[in-house]
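Data from model35.cif: mmCIF, C-alpha atoms and all ligand atoms; chains and numbers go by the auth columns
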data_data
#
loop_
_atom_site.group_PDB
_atom_site.id
_atom_site.type_symbol
_atom_site.label_atom_id
_atom_site.label_comp_id
_atom_site.label_asym_id
_atom_site.label_seq_id
_atom_site.Cartn_x
_atom_site.Cartn_y
_atom_site.Cartn_z
_atom_site.B_iso_or_equiv
_atom_site.auth_seq_id
_atom_site.auth_asym_id
ATOM 1 C CA MET A 1 122.349 110.147 69.933 0.00 1 A
ATOM 2 C CA PRO A 2 124.668 112.540 71.789 0.00 2 A
ATOM 3 C CA ARG A 3 124.979 111.562 75.439 0.00 3 A
ATOM 4 C CA GLU A 4 123.955 114.936 76.750 0.00 4 A
ATOM 5 C CA GLU A 5 120.579 114.746 75.048 0.00 5 A
ATOM 6 C CA TRP A 6 117.706 113.545 77.163 0.00 6 A
ATOM 7 C CA PRO A 7 115.942 110.732 75.363 0.00 7 A
ATOM 8 C CA SER A 8 112.342 111.348 74.460 0.00 8 A
ATOM 9 C CA LEU A 9 110.555 108.380 75.875 0.00 9 A
ATOM 10 C CA LYS A 10 107.059 109.388 74.955 0.00 10 A
ATOM 11 C CA SER A 11 105.189 107.034 72.747 0.00 11 A
ATOM 12 C CA PRO A 12 103.849 108.150 69.365 0.00 12 A
ATOM 13 C CA GLU A 13 100.444 108.343 71.023 0.00 13 A
ATOM 14 C CA GLY A 14 101.945 110.727 73.575 0.00 14 A
ATOM 15 C CA ILE A 15 101.219 108.442 76.464 0.00 15 A
ATOM 16 C CA LEU A 16 103.624 105.909 77.890 0.00 16 A
ATOM 17 C CA ARG A 17 102.405 102.335 77.608 0.00 17 A
ATOM 18 C CA LEU A 18 103.269 100.218 80.637 0.00 18 A
ATOM 19 C CA GLY A 19 103.355 96.454 80.947 0.00 19 A
ATOM 20 C CA VAL A 20 103.170 95.316 84.552 0.00 20 A
ATOM 21 C CA LEU A 21 104.427 91.876 85.558 0.00 21 A
ATOM 22 C CA ALA A 22 103.163 90.768 88.955 0.00 22 A
ATOM 23 C CA SER A 23 102.879 87.540 90.910 0.00 23 A
ATOM 24 C CA GLY A 24 100.758 88.423 93.909 0.00 24 A
ATOM 25 C CA ARG A 25 98.793 91.034 95.769 0.00 25 A
ATOM 26 C CA GLY A 26 99.337 93.831 93.264 0.00 26 A
ATOM 27 C CA SER A 27 99.308 96.785 95.637 0.00 27 A
ATOM 28 C CA ASN A 28 102.056 98.461 93.603 0.00 28 A
ATOM 29 C CA LEU A 29 99.999 97.960 90.460 0.00 29 A
ATOM 30 C CA GLN A 30 97.130 99.602 92.322 0.00 30 A
ATOM 31 C CA SER A 31 99.340 102.564 93.207 0.00 31 A
ATOM 32 C CA ILE A 32 100.078 103.005 89.490 0.00 32 A
ATOM 33 C CA LEU A 33 96.421 102.765 88.498 0.00 33 A
ATOM 34 C CA GLU A 34 95.405 105.230 91.204 0.00 34 A
ATOM 35 C CA ALA A 35 98.124 107.700 90.206 0.00 35 A
ATOM 36 C CA ILE A 36 96.869 107.530 86.627 0.00 36 A
ATOM 37 C CA GLY A 37 93.306 108.088 87.901 0.00 37 A
ATOM 38 C CA ARG A 38 94.399 111.134 89.936 0.00 38 A
ATOM 39 C CA GLY A 39 96.169 112.556 86.909 0.00 39 A
ATOM 40 C CA ASP A 40 99.587 112.282 88.579 0.00 40 A
ATOM 41 C CA LEU A 41 100.937 109.810 86.052 0.00 41 A
ATOM 42 C CA SER A 42 100.555 110.256 82.323 0.00 42 A
ATOM 43 C CA ALA A 43 100.740 106.642 81.307 0.00 43 A
ATOM 44 C CA ARG A 44 98.454 103.771 80.505 0.00 44 A
ATOM 45 C CA VAL A 45 98.722 100.246 81.868 0.00 45 A
ATOM 46 C CA ALA A 46 98.503 98.438 78.539 0.00 46 A
ATOM 47 C CA VAL A 47 98.602 94.951 80.021 0.00 47 A
ATOM 48 C CA VAL A 48 99.192 93.075 83.277 0.00 48 A
ATOM 49 C CA ILE A 49 100.800 89.649 83.045 0.00 49 A
ATOM 50 C CA SER A 50 101.183 87.167 85.854 0.00 50 A
ATOM 51 C CA ASN A 51 102.910 83.835 86.296 0.00 51 A
ATOM 52 C CA LYS A 52 100.361 83.001 89.020 0.00 52 A
ATOM 53 C CA LYS A 53 96.783 82.249 88.148 0.00 53 A
ATOM 54 C CA GLU A 54 95.466 83.362 91.525 0.00 54 A
ATOM 55 C CA ALA A 55 97.407 86.653 91.639 0.00 55 A
ATOM 56 C CA GLN A 56 95.254 89.419 93.072 0.00 56 A
ATOM 57 C CA ALA A 57 97.045 91.746 90.668 0.00 57 A
ATOM 58 C CA LEU A 58 95.019 90.184 87.828 0.00 58 A
ATOM 59 C CA GLU A 59 91.753 90.977 89.596 0.00 59 A
ATOM 60 C CA ARG A 60 92.841 94.531 90.258 0.00 60 A
ATOM 61 C CA ALA A 61 93.717 94.949 86.577 0.00 61 A
ATOM 62 C CA ALA A 62 90.337 93.606 85.508 0.00 62 A
ATOM 63 C CA GLN A 63 88.593 96.064 87.850 0.00 63 A
ATOM 64 C CA TYR A 64 90.261 98.864 85.923 0.00 64 A
ATOM 65 C CA GLN A 65 89.410 97.288 82.540 0.00 65 A
ATOM 66 C CA VAL A 66 93.087 96.579 81.946 0.00 66 A
ATOM 67 C CA PRO A 67 93.848 93.401 79.960 0.00 67 A
ATOM 68 C CA ALA A 68 95.023 90.809 82.482 0.00 68 A
ATOM 69 C CA LEU A 69 96.820 87.664 81.352 0.00 69 A
ATOM 70 C CA PHE A 70 97.956 84.584 83.167 0.00 70 A
ATOM 71 C CA LEU A 71 100.799 82.792 81.411 0.00 71 A
ATOM 72 C CA ASP A 72 101.413 79.381 82.914 0.00 72 A
ATOM 73 C CA PRO A 73 105.170 78.738 83.309 0.00 73 A
ATOM 74 C CA SER A 74 104.585 74.984 83.375 0.00 74 A
ATOM 75 C CA HIS A 75 103.582 75.154 79.698 0.00 75 A
ATOM 76 C CA TYR A 76 107.080 76.230 78.691 0.00 76 A
ATOM 77 C CA LEU A 77 110.242 74.176 78.556 0.00 77 A
ATOM 78 C CA SER A 78 112.645 76.882 79.680 0.00 78 A
ATOM 79 C CA ARG A 79 112.740 80.322 81.262 0.00 79 A
ATOM 80 C CA GLU A 80 113.712 81.717 77.866 0.00 80 A
ATOM 81 C CA ALA A 81 110.716 80.106 76.175 0.00 81 A
ATOM 82 C CA TYR A 82 108.484 81.601 78.850 0.00 82 A
ATOM 83 C CA ASP A 83 110.005 85.038 78.419 0.00 83 A
ATOM 84 C CA THR A 84 109.590 84.742 74.650 0.00 84 A
ATOM 85 C CA ALA A 85 105.876 84.251 75.214 0.00 85 A
ATOM 86 C CA ILE A 86 105.801 87.277 77.513 0.00 86 A
ATOM 87 C CA LEU A 87 107.710 89.311 74.955 0.00 87 A
ATOM 88 C CA GLN A 88 105.165 88.430 72.326 0.00 88 A
ATOM 89 C CA GLN A 89 102.358 89.743 74.523 0.00 89 A
ATOM 90 C CA LEU A 90 104.283 92.883 75.368 0.00 90 A
ATOM 91 C CA LYS A 91 104.716 93.559 71.678 0.00 91 A
ATOM 92 C CA GLU A 92 101.082 92.824 71.016 0.00 92 A
ATOM 93 C CA TYR A 93 100.115 95.472 73.578 0.00 93 A
ATOM 94 C CA ARG A 94 102.851 97.846 72.367 0.00 94 A
ATOM 95 C CA VAL A 95 104.462 98.063 75.797 0.00 95 A
ATOM 96 C CA GLU A 96 107.280 100.585 76.086 0.00 96 A
ATOM 97 C CA LEU A 97 108.245 100.202 79.737 0.00 97 A
ATOM 98 C CA ILE A 98 107.978 97.070 81.854 0.00 98 A
ATOM 99 C CA VAL A 99 107.353 97.330 85.580 0.00 99 A
ATOM 100 C CA LEU A 100 108.208 94.363 87.753 0.00 100 A
ATOM 101 C CA ALA A 101 105.792 94.922 90.610 0.00 101 A
ATOM 102 C CA GLY A 102 106.159 91.955 92.918 0.00 102 A
ATOM 103 C CA TYR A 103 107.128 89.663 90.068 0.00 103 A
ATOM 104 C CA MET A 104 108.643 86.636 91.760 0.00 104 A
ATOM 105 C CA ARG A 105 110.518 85.251 88.828 0.00 105 A
ATOM 106 C CA LEU A 106 113.912 85.910 87.344 0.00 106 A
ATOM 107 C CA VAL A 107 113.724 87.578 83.969 0.00 107 A
ATOM 108 C CA THR A 108 116.124 86.381 81.313 0.00 108 A
ATOM 109 C CA ARG A 109 118.130 88.065 78.596 0.00 109 A
ATOM 110 C CA THR A 110 115.230 87.303 76.240 0.00 110 A
ATOM 111 C CA LEU A 111 113.325 90.158 77.894 0.00 111 A
ATOM 112 C CA ILE A 112 116.204 92.250 79.127 0.00 112 A
ATOM 113 C CA GLU A 113 117.873 92.727 75.743 0.00 113 A
ATOM 114 C CA PRO A 114 114.891 94.099 73.822 0.00 114 A
ATOM 115 C CA TYR A 115 113.876 96.136 76.870 0.00 115 A
ATOM 116 C CA HIS A 116 117.328 97.367 77.814 0.00 116 A
ATOM 117 C CA ASP A 117 116.964 100.207 80.388 0.00 117 A
ATOM 118 C CA ARG A 118 113.229 99.849 79.960 0.00 118 A
ATOM 119 C CA ILE A 119 112.457 97.484 82.839 0.00 119 A
ATOM 120 C CA ILE A 120 111.943 98.872 86.335 0.00 120 A
ATOM 121 C CA ASN A 121 111.937 96.712 89.441 0.00 121 A
ATOM 122 C CA ILE A 122 110.902 97.554 92.943 0.00 122 A
ATOM 123 C CA HIS A 123 112.710 95.836 95.777 0.00 123 A
ATOM 124 C CA PRO A 124 111.902 96.152 99.490 0.00 124 A
ATOM 125 C CA SER A 125 115.378 96.920 100.841 0.00 125 A
ATOM 126 C CA LEU A 126 118.042 99.545 100.418 0.00 126 A
ATOM 127 C CA LEU A 127 120.076 97.783 97.753 0.00 127 A
ATOM 128 C CA PRO A 128 122.780 96.570 97.582 0.00 128 A
ATOM 129 C CA ALA A 129 121.769 95.308 101.044 0.00 129 A
ATOM 130 C CA PHE A 130 119.508 92.286 101.160 0.00 130 A
ATOM 131 C CA PRO A 131 118.833 91.345 97.537 0.00 131 A
ATOM 132 C CA GLY A 132 116.733 88.306 96.712 0.00 132 A
ATOM 133 C CA MET A 133 113.881 86.734 98.613 0.00 133 A
ATOM 134 C CA HIS A 134 112.690 87.694 102.103 0.00 134 A
ATOM 135 C CA ALA A 135 114.371 91.085 102.123 0.00 135 A
ATOM 136 C CA HIS A 136 112.440 92.197 105.233 0.00 136 A
ATOM 137 C CA ARG A 137 113.415 89.063 107.123 0.00 137 A
ATOM 138 C CA GLN A 138 117.028 89.485 106.072 0.00 138 A
ATOM 139 C CA ALA A 139 117.023 93.092 107.313 0.00 139 A
ATOM 140 C CA LEU A 140 115.481 92.146 110.670 0.00 140 A
ATOM 141 C CA GLU A 141 117.854 89.242 111.169 0.00 141 A
ATOM 142 C CA TYR A 142 120.839 91.423 110.359 0.00 142 A
ATOM 143 C CA GLY A 143 119.723 93.992 112.900 0.00 143 A
ATOM 144 C CA VAL A 144 119.794 97.105 110.717 0.00 144 A
ATOM 145 C CA ARG A 145 118.226 100.267 112.154 0.00 145 A
ATOM 146 C CA VAL A 146 117.175 101.589 108.762 0.00 146 A
ATOM 147 C CA SER A 147 115.745 99.805 105.751 0.00 147 A
ATOM 148 C CA GLY A 148 113.603 100.886 102.815 0.00 148 A
ATOM 149 C CA CYS A 149 112.946 100.305 99.160 0.00 149 A
ATOM 150 C CA THR A 150 114.820 100.658 95.893 0.00 150 A
ATOM 151 C CA LEU A 151 113.560 101.323 92.395 0.00 151 A
ATOM 152 C CA HIS A 152 116.056 100.294 89.795 0.00 152 A
ATOM 153 C CA PHE A 153 116.461 99.419 86.156 0.00 153 A
ATOM 154 C CA VAL A 154 116.871 95.720 85.602 0.00 154 A
ATOM 155 C CA ASP A 155 120.057 94.163 84.343 0.00 155 A
ATOM 156 C CA GLU A 156 121.082 90.541 84.163 0.00 156 A
ATOM 157 C CA GLU A 157 121.968 90.235 87.851 0.00 157 A
ATOM 158 C CA MET A 158 119.236 89.927 90.407 0.00 158 A
ATOM 159 C CA ASP A 159 118.259 93.160 92.216 0.00 159 A
ATOM 160 C CA HIS A 160 121.343 94.844 90.849 0.00 160 A
ATOM 161 C CA GLY A 161 120.734 97.342 88.013 0.00 161 A
ATOM 162 C CA PRO A 162 121.120 101.153 88.086 0.00 162 A
ATOM 163 C CA ILE A 163 119.212 102.774 90.945 0.00 163 A
ATOM 164 C CA VAL A 164 116.586 105.421 90.180 0.00 164 A
ATOM 165 C CA ALA A 165 115.241 106.126 93.657 0.00 165 A
ATOM 166 C CA GLN A 166 115.382 104.894 97.226 0.00 166 A
ATOM 167 C CA ALA A 167 113.439 105.705 100.356 0.00 167 A
ATOM 168 C CA ALA A 168 114.477 104.835 103.891 0.00 168 A
ATOM 169 C CA VAL A 169 112.313 103.866 106.843 0.00 169 A
ATOM 170 C CA PRO A 170 113.307 103.198 110.449 0.00 170 A
ATOM 171 C CA VAL A 171 113.402 99.683 111.815 0.00 171 A
ATOM 172 C CA PHE A 172 111.966 99.602 115.331 0.00 172 A
ATOM 173 C CA GLU A 173 112.772 97.324 118.230 0.00 173 A
ATOM 174 C CA GLY A 174 110.547 94.264 118.036 0.00 174 A
ATOM 175 C CA ASP A 175 109.360 94.910 114.468 0.00 175 A
ATOM 176 C CA THR A 176 107.788 91.919 112.742 0.00 176 A
ATOM 177 C CA GLU A 177 108.262 91.230 109.038 0.00 177 A
ATOM 178 C CA GLU A 178 104.682 92.396 108.478 0.00 178 A
ATOM 179 C CA GLN A 179 105.210 95.682 110.304 0.00 179 A
ATOM 180 C CA LEU A 180 108.419 96.458 108.458 0.00 180 A
ATOM 181 C CA SER A 181 106.922 95.410 105.148 0.00 181 A
ATOM 182 C CA GLU A 182 103.904 97.687 105.673 0.00 182 A
ATOM 183 C CA ARG A 183 106.145 100.659 106.484 0.00 183 A
ATOM 184 C CA ILE A 184 108.257 100.040 103.396 0.00 184 A
ATOM 185 C CA LEU A 185 105.252 99.411 101.172 0.00 185 A
ATOM 186 C CA ALA A 186 103.914 102.902 101.859 0.00 186 A
ATOM 187 C CA GLU A 187 107.196 104.246 100.472 0.00 187 A
ATOM 188 C CA GLU A 188 107.030 101.920 97.447 0.00 188 A
ATOM 189 C CA HIS A 189 103.578 103.260 96.636 0.00 189 A
ATOM 190 C CA ARG A 190 104.827 106.830 96.948 0.00 190 A
ATOM 191 C CA LEU A 191 107.958 106.373 94.839 0.00 191 A
ATOM 192 C CA LEU A 192 106.816 104.097 92.043 0.00 192 A
ATOM 193 C CA PRO A 193 104.296 106.399 90.294 0.00 193 A
ATOM 194 C CA GLN A 194 106.700 109.320 90.603 0.00 194 A
ATOM 195 C CA VAL A 195 109.563 107.384 89.046 0.00 195 A
ATOM 196 C CA LEU A 196 107.289 106.273 86.223 0.00 196 A
ATOM 197 C CA GLN A 197 106.194 109.863 85.649 0.00 197 A
ATOM 198 C CA LEU A 198 109.840 110.981 85.453 0.00 198 A
ATOM 199 C CA TYR A 199 110.420 108.246 82.895 0.00 199 A
ATOM 200 C CA ALA A 200 107.299 109.240 80.956 0.00 200 A
ATOM 201 C CA GLU A 201 108.530 112.816 80.823 0.00 201 A
ATOM 202 C CA GLY A 202 111.915 111.654 79.540 0.00 202 A
ATOM 203 C CA LYS A 203 113.659 112.961 82.652 0.00 203 A
ATOM 204 C CA LEU A 204 115.739 109.869 83.425 0.00 204 A
ATOM 205 C CA LYS A 205 119.007 109.010 81.791 0.00 205 A
ATOM 206 C CA VAL A 206 121.081 105.897 82.462 0.00 206 A
ATOM 207 C CA GLU A 207 124.847 106.103 82.268 0.00 207 A
ATOM 208 C CA GLY A 208 126.585 102.956 83.398 0.00 208 A
ATOM 209 C CA ARG A 209 125.495 102.318 86.978 0.00 209 A
ATOM 210 C CA LYS A 210 124.194 105.855 87.407 0.00 210 A
ATOM 211 C CA VAL A 211 120.731 107.132 86.695 0.00 211 A
ATOM 212 C CA HIS A 212 120.610 110.895 86.235 0.00 212 A
ATOM 213 C CA ILE A 213 117.440 112.787 86.944 0.00 213 A
ATOM 214 C CA GLN A 214 117.056 115.912 84.843 0.00 214 A
ATOM 215 C CA GLU A 215 117.836 119.114 86.668 0.00 215 A
ATOM 216 C CA GLY A 216 114.810 120.653 88.274 0.00 216 A
ATOM 217 C CA ALA A 217 112.922 117.357 88.437 0.00 217 A
ATOM 218 C CA SER A 218 112.695 115.603 91.774 0.00 218 A
ATOM 219 C CA ILE A 219 110.784 113.086 93.829 0.00 219 A
ATOM 220 C CA ARG A 220 108.362 114.519 96.357 0.00 220 A
ATOM 221 C CA LYS A 221 108.289 113.493 100.011 0.00 221 A
ATOM 222 C CA ASN A 222 104.522 113.077 99.879 0.00 222 A
ATOM 223 C CA ARG A 223 102.299 111.628 97.213 0.00 223 A
HETATM 224 C C1 LIG B . 106.704 94.514 97.281 0.00 301 A
HETATM 225 O O1 LIG B . 107.170 94.549 98.600 0.00 301 A
HETATM 226 C C2 LIG B . 107.851 94.702 96.318 0.00 301 A
HETATM 227 O O2 LIG B . 108.864 95.492 96.830 0.00 301 A
HETATM 228 C C3 LIG B . 108.348 93.298 96.141 0.00 301 A
HETATM 229 O O3 LIG B . 107.206 92.495 96.178 0.00 301 A
HETATM 230 C C4 LIG B . 106.173 93.150 96.903 0.00 301 A
HETATM 231 C C5 LIG B . 104.999 93.236 95.984 0.00 301 A
HETATM 232 O O4 LIG B . 103.850 93.741 96.583 0.00 301 A
HETATM 233 N N1 LIG B . 109.125 93.180 94.935 0.00 301 A
HETATM 234 P P1 LIG B . 102.551 93.973 95.723 0.00 301 A
HETATM 235 O O5 LIG B . 102.255 92.685 94.973 0.00 301 A
HETATM 236 O O6 LIG B . 102.826 95.104 94.774 0.00 301 A
HETATM 237 O O7 LIG B . 101.478 94.309 96.708 0.00 301 A
#
Show me, as structure tokens, the structure contained in the file I just sent.
Ligand code: GRF
Amino acid sequence: MPREEWPSLKSPEGILRLGVLASGRGSNLQSILEAIGRGDLSARVAVVISNKKEAQALERAAQYQVPALFLDPSHYLSREAYDTAILQQLKEYRVELIVLAGYMRLVTRTLIEPYHDRIINIHPSLLPAFPGMHAHRQALEYGVRVSGCTLHFVDEEMDHGPIVAQAAVPVFEGDTEEQLSERILAEEHRLLPQVLQLYAEGKLKVEGRKVHIQEGASIRKNR
């Protein structure tokens, strides 16, 4: 395919099928489901998979009649074997784009290769600052005045792949992790559905480390 062509990422059914991997609360999943409900995102959450049985994300999925699966990592001998099981489910549900929405587990090549440039992660810092766990704590301890969130395609390094969108928030004197996290989360919920909609419309193109957004398309300041 010539590089200058924008890939058509729409599914044969005309609606993008998402697979959401989540380990906890699932507020980002909720932001996706609500955006779909409002008509702001033309996609369907085909399946939600969690590595944690008690993940609230699974309950949220069930409330929206979305298939919700718990896959127990302890039943698999390796990370690759676990990801093979996930891959099988993703195929079963004909998932085209994977969203890592608070998925607290490293994904392996087993998933990354078949879903090359088709996995989006959301991280609560302005990458490349503060990758990994406890990003809010890292930001507060470092003393930055600005932090935020990053939406990026996933590659084989943690919190590293090509960046689609970022939003900044101020860090205030005396902020706690909870306060900073809440401020950043509001931005995550604003950005994520918009990025997914750009993807669904085929308006994103990855070239090396750069993600190009088609001319004329943009991310709004408000939801
Ligand atoms: C978010 O802060 C996200 O950036 C990080 O994990 C958290 C998940 O929150 N990767 P939720 O489960 O979507 O509420």
For this session: Enumerate as a VMD selection string the residues within 6 Å of ligand LIG 301 (chain A), counting all atoms listed in the file.
Result: chain A and resid 24 to 29 101 to 102 122 to 124 185
Only C-alpha atoms, please: the residues just picked out, written as a PDB file, in the coordinates of the input.
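Just written: again24.pdb:
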ATOM      1  CA  GLY A  24     100.758  88.423  93.909  1.00  0.00           C
ATOM      2  CA  ARG A  25      98.793  91.034  95.769  1.00  0.00           C
ATOM      3  CA  GLY A  26      99.337  93.831  93.264  1.00  0.00           C
ATOM      4  CA  SER A  27      99.308  96.785  95.637  1.00  0.00           C
ATOM      5  CA  ASN A  28     102.056  98.461  93.603  1.00  0.00           C
ATOM      6  CA  LEU A  29      99.999  97.960  90.460  1.00  0.00           C
ATOM      7  CA  ALA A 101     105.792  94.922  90.610  1.00  0.00           C
ATOM      8  CA  GLY A 102     106.159  91.955  92.918  1.00  0.00           C
ATOM      9  CA  ILE A 122     110.902  97.554  92.943  1.00  0.00           C
ATOM     10  CA  HIS A 123     112.710  95.836  95.777  1.00  0.00           C
ATOM     11  CA  PRO A 124     111.902  96.152  99.490  1.00  0.00           C
ATOM     12  CA  LEU A 185     105.252  99.411 101.172  1.00  0.00           C
TER      13      LEU A 185
END
For this session: Kindly resolve the PyMOL selection byres (((chain A and resi 45) around 12) and not hetatm) on the present coordinates and return the residues as a PyMOL selection string.
Result: chain A and resi 15-21+29-37+41-44+46-49+60-62+64-68+90+93-99+193+196
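Between A:Asn51 and the candidates A:Lys205, A:Arg79, A:Arg190, A:Arg38, the tightest atom-to-atom separation, counting only C-alpha atoms, involves A:Arg79.
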What are the centre and the three edge lengths of an axis-aligned box that wraps all atoms of stretch 74-91 of chain A in the file, given that 5 Å is added to every side, written as lines of an AutoDock Vina configuration file and rounded to one decimal in Å?
center_x = 108.0
center_y = 83.9
center_z = 77.5
size_x = 21.4
size_y = 29.4
size_z = 21.7
Problem set entry | Straight-line distance linking atom CA of A:Arg145 with atom CA of A:Val169, stated in Å to one decimal | 8.7 Å
